[in-house]
>>> print(open('upload-v4.txt').read())   # compact mmCIF, C-alpha atoms
# COMPACT_ATOMS: atom_id res chain seq x y z
CA MET A 964 92.01 129.09 141.06
CA GLN A 965 89.53 131.16 139.03
CA VAL A 966 87.53 131.94 142.17
CA PHE A 967 90.71 132.83 144.07
CA ASN A 968 91.86 135.12 141.26
CA GLN A 969 88.52 136.97 141.22
CA VAL A 970 88.67 137.55 144.98
CA LEU A 971 92.36 138.46 144.70
CA VAL A 972 91.48 141.27 142.25
CA LEU A 973 89.05 142.70 144.81
CA PHE A 974 91.68 142.37 147.55
CA LEU A 975 94.25 144.21 145.42
CA LEU A 976 91.75 147.03 144.97
CA ILE A 977 91.43 147.15 148.77
CA LEU A 978 95.23 147.46 148.96
CA ILE A 979 95.11 150.38 146.54
CA GLY A 980 92.65 152.15 148.84
CA TYR A 981 94.76 151.26 151.86
CA GLY A 982 97.93 152.60 150.24
CA GLY A 983 96.15 155.70 148.99
CA ARG A 984 95.00 156.56 152.50
CA LYS A 985 98.40 155.83 154.09
CA THR A 986 100.16 158.07 151.57
CA GLN A 987 97.54 160.81 152.07
CA THR A 988 96.55 160.59 148.40
CA ILE A 989 93.04 159.84 149.70
CA GLU A 990 92.09 162.10 152.59
CA ASP A 991 89.48 161.36 155.27
CA ALA A 992 87.04 163.84 153.75
CA ALA A 993 87.35 162.07 150.39
CA VAL A 994 86.52 158.70 151.98
CA GLY A 995 83.29 160.13 153.34
CA HIS A 996 82.41 161.70 150.00
CA PHE A 997 83.13 158.48 148.12
CA SER A 998 81.03 156.47 150.59
CA ARG A 999 78.05 158.78 150.16
CA PHE A 1000 78.51 158.73 146.38
CA ILE A 1001 78.36 154.91 146.42
CA LEU A 1002 75.35 154.70 148.74
CA HIS A 1003 73.35 157.53 147.17
CA ILE A 1004 74.30 157.41 143.48
CA SER A 1005 76.40 154.56 142.07
CA LEU A 1006 74.85 151.65 144.01
CA PRO A 1007 71.25 152.74 143.25
CA ALA A 1008 72.33 153.13 139.61
CA LEU A 1009 73.79 149.61 139.64
CA ILE A 1010 70.55 148.24 141.13
CA LEU A 1011 68.38 150.07 138.59
CA ALA A 1012 70.52 148.90 135.67
CA SER A 1013 70.55 145.29 136.90
CA LEU A 1014 66.73 145.26 137.01
CA GLN A 1015 66.48 146.26 133.35
CA ARG A 1016 65.57 142.77 132.20
CA PRO A 1017 62.88 141.68 129.71
CA PHE A 1018 59.77 140.65 131.63
CA SER A 1019 58.90 136.97 131.88
CA GLN A 1020 56.65 135.03 134.21
CA GLU A 1021 59.56 132.71 135.07
CA LEU A 1022 61.83 135.60 136.07
CA LEU A 1023 59.00 137.22 138.06
CA GLN A 1024 58.44 133.94 139.91
CA GLU A 1025 62.17 133.68 140.65
CA ALA A 1026 62.17 137.25 141.95
CA LEU A 1027 59.26 136.60 144.32
CA ILE A 1028 60.88 133.38 145.58
CA THR A 1029 64.16 135.25 146.09
CA LEU A 1030 62.41 138.00 148.06
CA ALA A 1031 60.51 135.53 150.27
CA LEU A 1032 63.72 133.56 150.82
CA SER A 1033 65.59 136.71 151.79
CA PHE A 1034 63.01 137.76 154.39
CA ALA A 1035 63.05 134.22 155.83
CA LEU A 1036 66.85 134.25 156.10
CA TYR A 1037 66.87 137.65 157.78
CA GLY A 1038 64.46 136.18 160.31
CA LEU A 1039 67.05 133.45 160.90
CA TYR A 1040 69.84 136.04 161.24
CA PHE A 1041 67.81 137.95 163.83
CA LEU A 1042 67.17 134.75 165.79
CA VAL A 1043 70.87 133.86 165.85
CA ALA A 1044 71.75 137.43 166.86
CA VAL A 1045 69.25 137.46 169.74
CA LEU A 1046 70.57 134.17 171.14
CA TYR A 1047 74.25 134.95 170.53
CA PRO A 1048 74.95 137.01 173.70
CA LEU A 1049 73.55 134.13 175.75
CA ALA A 1050 76.44 131.94 174.57
CA ILE A 1051 79.25 134.53 174.35
CA PRO A 1052 79.96 136.95 177.23
CA LEU A 1053 79.80 140.53 175.95
CA PHE A 1054 79.87 143.98 177.52
CA PRO A 1055 76.42 145.66 177.50
CA GLN A 1056 77.51 148.49 175.20
CA GLU A 1057 78.80 146.05 172.55
CA ARG A 1058 75.93 143.54 172.46
CA GLY A 1059 74.01 145.52 169.84
CA VAL A 1060 77.16 145.87 167.73
CA HIS A 1061 77.80 142.12 167.69
CA ARG A 1062 74.14 141.43 166.93
CA TYR A 1063 74.17 143.91 164.06
CA ALA A 1064 77.39 142.36 162.74
CA LEU A 1065 75.74 138.94 162.59
CA ILE A 1066 72.58 140.18 160.89
CA PHE A 1067 73.92 142.57 158.28
CA SER A 1068 76.75 141.71 155.92
CA ASN A 1069 78.62 144.09 153.63
CA VAL A 1070 76.35 143.69 150.61
CA GLY A 1071 76.60 147.18 149.13
CA PHE A 1072 80.36 147.60 149.27
CA MET A 1073 81.43 143.97 148.81
CA GLY A 1074 78.44 141.74 148.02
CA PHE A 1075 77.67 143.31 144.66
CA PRO A 1076 81.33 143.31 143.50
CA VAL A 1077 81.88 139.70 144.60
CA VAL A 1078 78.64 138.39 143.07
CA GLU A 1079 79.34 140.23 139.81
CA ALA A 1080 82.89 138.83 139.72
CA LEU A 1081 81.92 135.25 140.57
CA LEU A 1082 78.42 134.81 139.11
CA GLY A 1083 78.25 137.45 136.38
CA GLN A 1084 76.07 140.52 135.85
CA GLY A 1085 72.96 138.40 135.32
CA ALA A 1086 73.00 137.46 139.01
CA LEU A 1087 72.76 141.12 140.04
CA PHE A 1088 69.04 141.09 139.20
CA HIS A 1089 68.42 138.45 141.86
CA LEU A 1090 70.82 140.15 144.27
CA ALA A 1091 68.95 143.46 143.95
CA ILE A 1092 65.76 141.63 144.94
CA PHE A 1093 67.50 139.64 147.68
CA ASN A 1094 68.93 142.84 149.14
CA ILE A 1095 65.54 144.54 149.71
CA PRO A 1096 65.31 143.46 153.40
CA PHE A 1097 68.82 144.81 154.03
CA ASN A 1098 67.96 148.18 152.51
CA VAL A 1099 64.75 148.38 154.55
CA LEU A 1100 66.09 147.10 157.89
CA ALA A 1101 69.77 148.10 158.16
CA PHE A 1102 69.19 151.78 158.96
CA SER A 1103 65.90 151.32 160.80
CA ILE A 1104 65.53 148.19 162.94
CA GLY A 1105 69.29 147.61 162.74
CA ALA A 1106 70.04 151.14 163.93
CA TRP A 1107 67.54 150.68 166.77
CA LEU A 1108 69.30 147.44 167.73
CA ILE A 1109 72.60 149.27 168.18
CA ALA A 1110 71.06 152.38 169.78
CA ARG A 1111 69.05 150.54 172.43
CA GLU A 1112 72.28 149.79 174.34
CA GLY A 1113 74.11 152.97 173.31
CA LYS A 1114 73.99 156.51 174.64
CA ARG A 1115 71.51 157.83 172.07
CA GLN A 1116 68.19 156.46 170.92
CA VAL A 1117 66.75 156.14 167.43
CA VAL A 1118 63.19 157.18 166.63
CA LEU A 1119 61.60 154.89 164.05
CA SER A 1120 59.39 156.45 161.39
CA TRP A 1121 58.52 155.73 157.77
CA LYS A 1122 61.50 157.84 156.69
CA THR A 1123 63.94 155.44 158.38
CA PHE A 1124 62.77 152.67 156.03
CA VAL A 1125 63.37 154.68 152.85
CA ASN A 1126 66.75 155.25 151.20
CA PRO A 1127 68.07 155.58 147.61
CA SER A 1128 68.64 151.83 147.23
CA VAL A 1129 65.05 151.06 148.26
CA VAL A 1130 63.74 153.66 145.79
CA ALA A 1131 65.96 152.31 143.00
CA THR A 1132 64.83 148.73 143.70
CA LEU A 1133 61.13 149.61 143.70
CA LEU A 1134 61.46 151.74 140.56
CA GLY A 1135 63.51 149.08 138.79
CA PHE A 1136 61.05 146.33 139.74
CA LEU A 1137 58.10 148.39 138.48
CA LEU A 1138 59.90 148.97 135.19
CA PHE A 1139 60.61 145.23 134.98
CA VAL A 1140 57.00 144.23 135.68
CA GLY A 1141 55.72 146.86 133.24
CA SER A 1142 58.29 145.71 130.67
CA VAL A 1143 59.45 149.31 130.31
CA LYS A 1144 62.84 149.70 128.67
CA LEU A 1145 64.78 152.87 129.40
CA PRO A 1146 66.07 154.91 126.44
CA GLU A 1147 69.46 153.60 125.32
CA SER A 1148 71.36 156.78 126.21
CA LEU A 1149 69.78 156.93 129.68
CA TYR A 1150 70.38 153.22 130.32
CA ARG A 1151 74.05 153.46 129.28
CA THR A 1152 74.53 156.48 131.55
CA ILE A 1153 72.98 154.66 134.51
CA LYS A 1154 74.94 151.48 133.79
CA MET A 1155 78.27 153.30 133.48
CA THR A 1156 77.57 155.05 136.78
CA GLY A 1157 76.69 151.72 138.40
CA ASP A 1158 79.84 150.08 137.04
CA ILE A 1159 81.88 152.44 139.22
CA THR A 1160 80.48 150.74 142.33
CA SER A 1161 82.67 147.63 142.37
CA PRO A 1162 86.18 149.14 142.11
CA LEU A 1163 85.32 152.27 144.10
CA SER A 1164 83.74 150.22 146.91
CA MET A 1165 86.87 148.12 147.32
CA ILE A 1166 89.08 151.22 147.33
CA VAL A 1167 86.86 152.87 149.96
CA ILE A 1168 87.04 149.74 152.15
CA GLY A 1169 90.84 149.84 151.93
CA ALA A 1170 90.89 153.53 152.88
CA ILE A 1171 88.56 152.88 155.84
CA LEU A 1172 90.76 150.04 157.07
CA ALA A 1173 93.83 152.29 156.81
CA ARG A 1174 92.29 154.69 159.36
CA MET A 1175 92.05 152.01 162.05
CA ASP A 1176 94.65 151.46 164.76
CA VAL A 1177 95.65 147.81 164.39
CA ARG A 1178 96.99 147.73 167.97
CA LYS A 1179 93.46 148.31 169.30
CA ILE A 1180 91.87 145.72 167.02
CA VAL A 1181 93.74 142.52 167.85
CA GLY A 1182 92.50 142.25 171.40
CA ARG A 1183 89.46 140.39 172.70
CA TRP A 1184 88.76 136.79 171.71
CA GLN A 1185 85.04 137.57 171.33
CA TYR A 1186 85.83 139.55 168.18
CA TYR A 1187 87.29 136.49 166.49
CA VAL A 1188 84.37 134.28 167.49
CA THR A 1189 81.89 136.74 166.01
CA VAL A 1190 83.95 137.04 162.82
CA LEU A 1191 84.18 133.25 162.55
CA VAL A 1192 80.41 132.91 162.94
CA ARG A 1193 79.85 135.72 160.43
CA LEU A 1194 82.19 134.36 157.75
CA LEU A 1195 81.85 130.57 158.14
CA GLY A 1196 79.23 129.60 160.73
CA LEU A 1197 76.24 131.44 159.24
CA PRO A 1198 77.06 130.54 155.60
CA ALA A 1199 77.38 126.87 156.60
CA LEU A 1200 74.03 127.03 158.41
CA VAL A 1201 72.28 128.82 155.54
CA GLY A 1202 73.83 126.58 152.90
CA ALA A 1203 72.84 123.42 154.78
CA LEU A 1204 69.25 124.60 155.35
CA LEU A 1205 68.74 125.66 151.74
CA TYR A 1206 70.27 122.44 150.46
CA ALA A 1207 68.07 120.42 152.80
CA VAL A 1208 64.88 122.02 151.45
CA GLY A 1209 65.94 121.21 147.88
CA LEU A 1210 67.19 124.55 146.59
CA ARG A 1211 69.95 124.37 144.00
CA GLY A 1212 71.64 126.66 141.51
CA LEU A 1213 71.44 130.43 141.92
CA LEU A 1214 68.78 130.25 144.64
CA TRP A 1215 71.23 128.23 146.72
CA VAL A 1216 74.58 129.80 145.93
CA LEU A 1217 73.53 133.49 145.99
CA PRO A 1218 72.18 133.57 149.59
CA THR A 1219 75.10 131.45 150.77
CA ILE A 1220 77.70 133.78 149.23
CA ILE A 1221 75.96 136.91 150.53
CA THR A 1222 75.81 135.41 154.01
CA ALA A 1223 79.58 134.86 153.76
CA MET A 1224 80.29 138.56 153.26
CA PRO A 1225 82.12 140.48 156.03
CA VAL A 1226 80.48 142.72 158.60
CA ALA A 1227 78.63 145.68 157.07
CA ALA A 1228 80.85 148.78 156.85
CA ASN A 1229 78.09 150.99 158.25
CA THR A 1230 78.32 149.13 161.58
CA SER A 1231 81.09 151.51 162.66
CA ILE A 1232 79.14 154.57 161.53
CA LEU A 1233 75.97 153.60 163.41
CA ALA A 1234 77.90 152.64 166.55
CA ASP A 1235 79.61 156.02 166.56
CA VAL A 1236 76.38 157.95 165.91
CA TYR A 1237 74.36 156.22 168.64
CA GLY A 1238 77.05 156.02 171.31
CA ALA A 1239 77.66 152.28 171.23
CA ASP A 1240 81.11 150.65 171.19
CA ALA A 1241 82.52 152.13 167.96
CA GLU A 1242 85.95 150.58 168.61
CA CYS A 1243 84.37 147.14 168.77
CA ALA A 1244 82.43 147.83 165.57
CA SER A 1245 85.55 148.97 163.72
CA SER A 1246 87.43 145.88 164.89
CA LEU A 1247 84.70 143.55 163.60
CA VAL A 1248 84.64 145.34 160.23
CA PHE A 1249 88.43 145.24 159.91
CA LEU A 1250 88.93 141.61 160.95
CA SER A 1251 86.03 140.22 158.91
CA THR A 1252 87.11 142.14 155.79
CA LEU A 1253 90.68 140.93 156.23
CA PHE A 1254 89.78 137.28 156.77
CA CYS A 1255 87.08 137.10 154.09
CA VAL A 1256 89.79 137.06 151.41
CA GLY A 1257 90.45 133.48 152.50
CA THR A 1258 86.97 132.42 153.64
CA ILE A 1259 84.95 133.50 150.57
CA PRO A 1260 86.89 131.17 148.20
CA LEU A 1261 86.39 128.36 150.74
CA VAL A 1262 82.62 128.92 150.81
CA VAL A 1263 82.40 129.18 147.02
CA LEU A 1264 84.57 126.13 146.35
CA PHE A 1265 82.60 124.07 148.88
CA GLY A 1266 79.41 125.13 147.13
CA LEU A 1267 80.78 124.17 143.73
CA ARG A 1268 81.52 120.68 145.02
CA LEU A 1269 77.84 120.32 145.91
>>> encode(input="upload-v4.txt", output="structure tokens")
Amino acid sequence: MQVFNQVLVLFLLILIGYGGRKTQTIEDAAVGHFSRFILHISLPALILASLQRPFSQELLQEALITLALSFALYGLYFLVAVLYPLAIPLFPQERGVHRYALIFSNVGFMGFPVVEALLGQGALFHLAIFNIPFNVLAFSIGAWLIAREGKRQVVLSWKTFVNPSVVATLLGFLLFVGSVKLPESLYRTIKMTGDITSPLSMIVIGAILARMDVRKIVGRWQYYVTVLVRLLGLPALVGALLYAVGLRGLLWVLPTIITAMPVAANTSILADVYGADAECASSLVFLSTLFCVGTIPLVVLFGLRL
């Protein structure tokens, strides 16, 4: 019941965003501004604040294990995504979208709020480390994956691998390793800015969902298969593999929960930019976000039983 209540709070925040957009209290321009604020300011601030931990060899070792584990899991996600179209018939222009949806979950807008609500702020340190591959790959290799079957192509360069979250993670990790503590006033400013991320992210998700035409979403059965794999299939696979190799505690539950997050919100943006099937992308984002309210408690409760 405690897990359900935590997820319910996040869902109610989504409803606030949904209602705000439907009543025109939140306009389309505001949604875009809020999204950029989260990605460029509040989320990097949250990451930087979460990495302000006293240095210890044990915590450093956990961070390195978390990073190695994350890269290994993203390798698994890519493998599943490459093989997926061989099992499920998809139109050429939507293959990249479905692959991207299976690889990248909504960590920035939903992963951080859910982990903070369920596991506490202490877990955000490990999540910031775990999320490094996402920050590096989502707008580079991930964008290329969508663009290769779209109407526009993406040119990879070193700039495509750098974004505010990557910079915040690297800076925060260097401060952690150097045992550098930010001045109290600066730390409190950064932390207060980062604390905006959770409620504002949920409200933005609700506003984004309110812009979608539900009649166009509930259509092809392939959407539901992909959402089912994203929300339950992949978390079950990851949880089983990690449990089999002997991982327990935070190193088991954190990757499993993050894998259970819905399709990344930026899937729709990238599909639209690179001429892929943006309608398909929006449908996957909408359906996975809607259904995750029920699937996340299932994943968490199953993990607690173990």
>>> closest_atom_pairs(input="upload-v4.txt", of="range 983-1079 of chain A", to="range 1211-1225 of chain A", cutoff="8 Å", atoms="all atoms listed in the file", output="Markdown table")
| residue | atom | partner | partner_atom | distance |
| --- | --- | --- | --- | --- |
| A:Thr1029 | CA | A:Leu1214 | CA | 7.0 |
| A:Ser1033 | CA | A:Pro1218 | CA | 7.6 |
| A:Ser1068 | CA | A:Met1224 | CA | 5.4 |
| A:Asn1069 | CA | A:Pro1225 | CA | 5.6 |
| A:Val1070 | CA | A:Ile1221 | CA | 6.8 |
| A:Met1073 | CA | A:Met1224 | CA | 7.1 |
| A:Gly1074 | CA | A:Ile1221 | CA | 6.0 |
| A:Val1078 | CA | A:Leu1217 | CA | 7.7 |
>>> closest_residue(input="upload-v4.txt", among="A:Leu1163, A:Val1262, A:Ala1244, A:Ala1234", to="Ala1203 in chain A", atoms="only C-alpha atoms")
A:Val1262
>>> atom_distance(input="upload-v4.txt", atom1="CA of Ala1228 in chain A", atom2="CA of Phe1072 in chain A")
7.7 Å
>>> residues_around(input="upload-v4.txt", residues="range 990-1005 of chain A", least_positions_apart="4", cutoff="6 Å", atoms="all atoms listed in the file", output="number ranges by chain")
A: 1127, 1156-1157, 1160
>>> closest_residue(input="upload-v4.txt", among="A:Thr1258, A:Asn1229, A:Gln987, A:Ser1019", to="Phe1102 in chain A", atoms="all atoms listed in the file")
A:Asn1229
>>> residues_near_point(input="upload-v4.txt", point="(72.6, 137.4, 139.9)", cutoff="10 Å", atoms="only C-alpha atoms", output="list of chain:residue names")
A:Ser1013, A:Phe1075, A:Val1078, A:Glu1079, A:Leu1081, A:Leu1082, A:Gly1083, A:Gln1084, A:Gly1085, A:Ala1086, A:Leu1087, A:Phe1088, A:His1089, A:Leu1090, A:Ala1091, A:Ile1092, A:Phe1093, A:Leu1213, A:Leu1214, A:Val1216, A:Leu1217
>>> atom_distance(input="upload-v4.txt", atom1="CA of Leu1009 in chain A", atom2="CA of Met1155 in chain A")
8.5 Å
>>> atom_distance(input="upload-v4.txt", atom1="CA of Arg1174 in chain A", atom2="CA of Thr1230 in chain A")
15.2 Å
>>> closest_residue(input="upload-v4.txt", among="A:Leu1205, A:Leu1133, A:Ile1171, A:Leu1264", to="Gly980 in chain A", atoms="only C-alpha atoms")
A:Ile1171
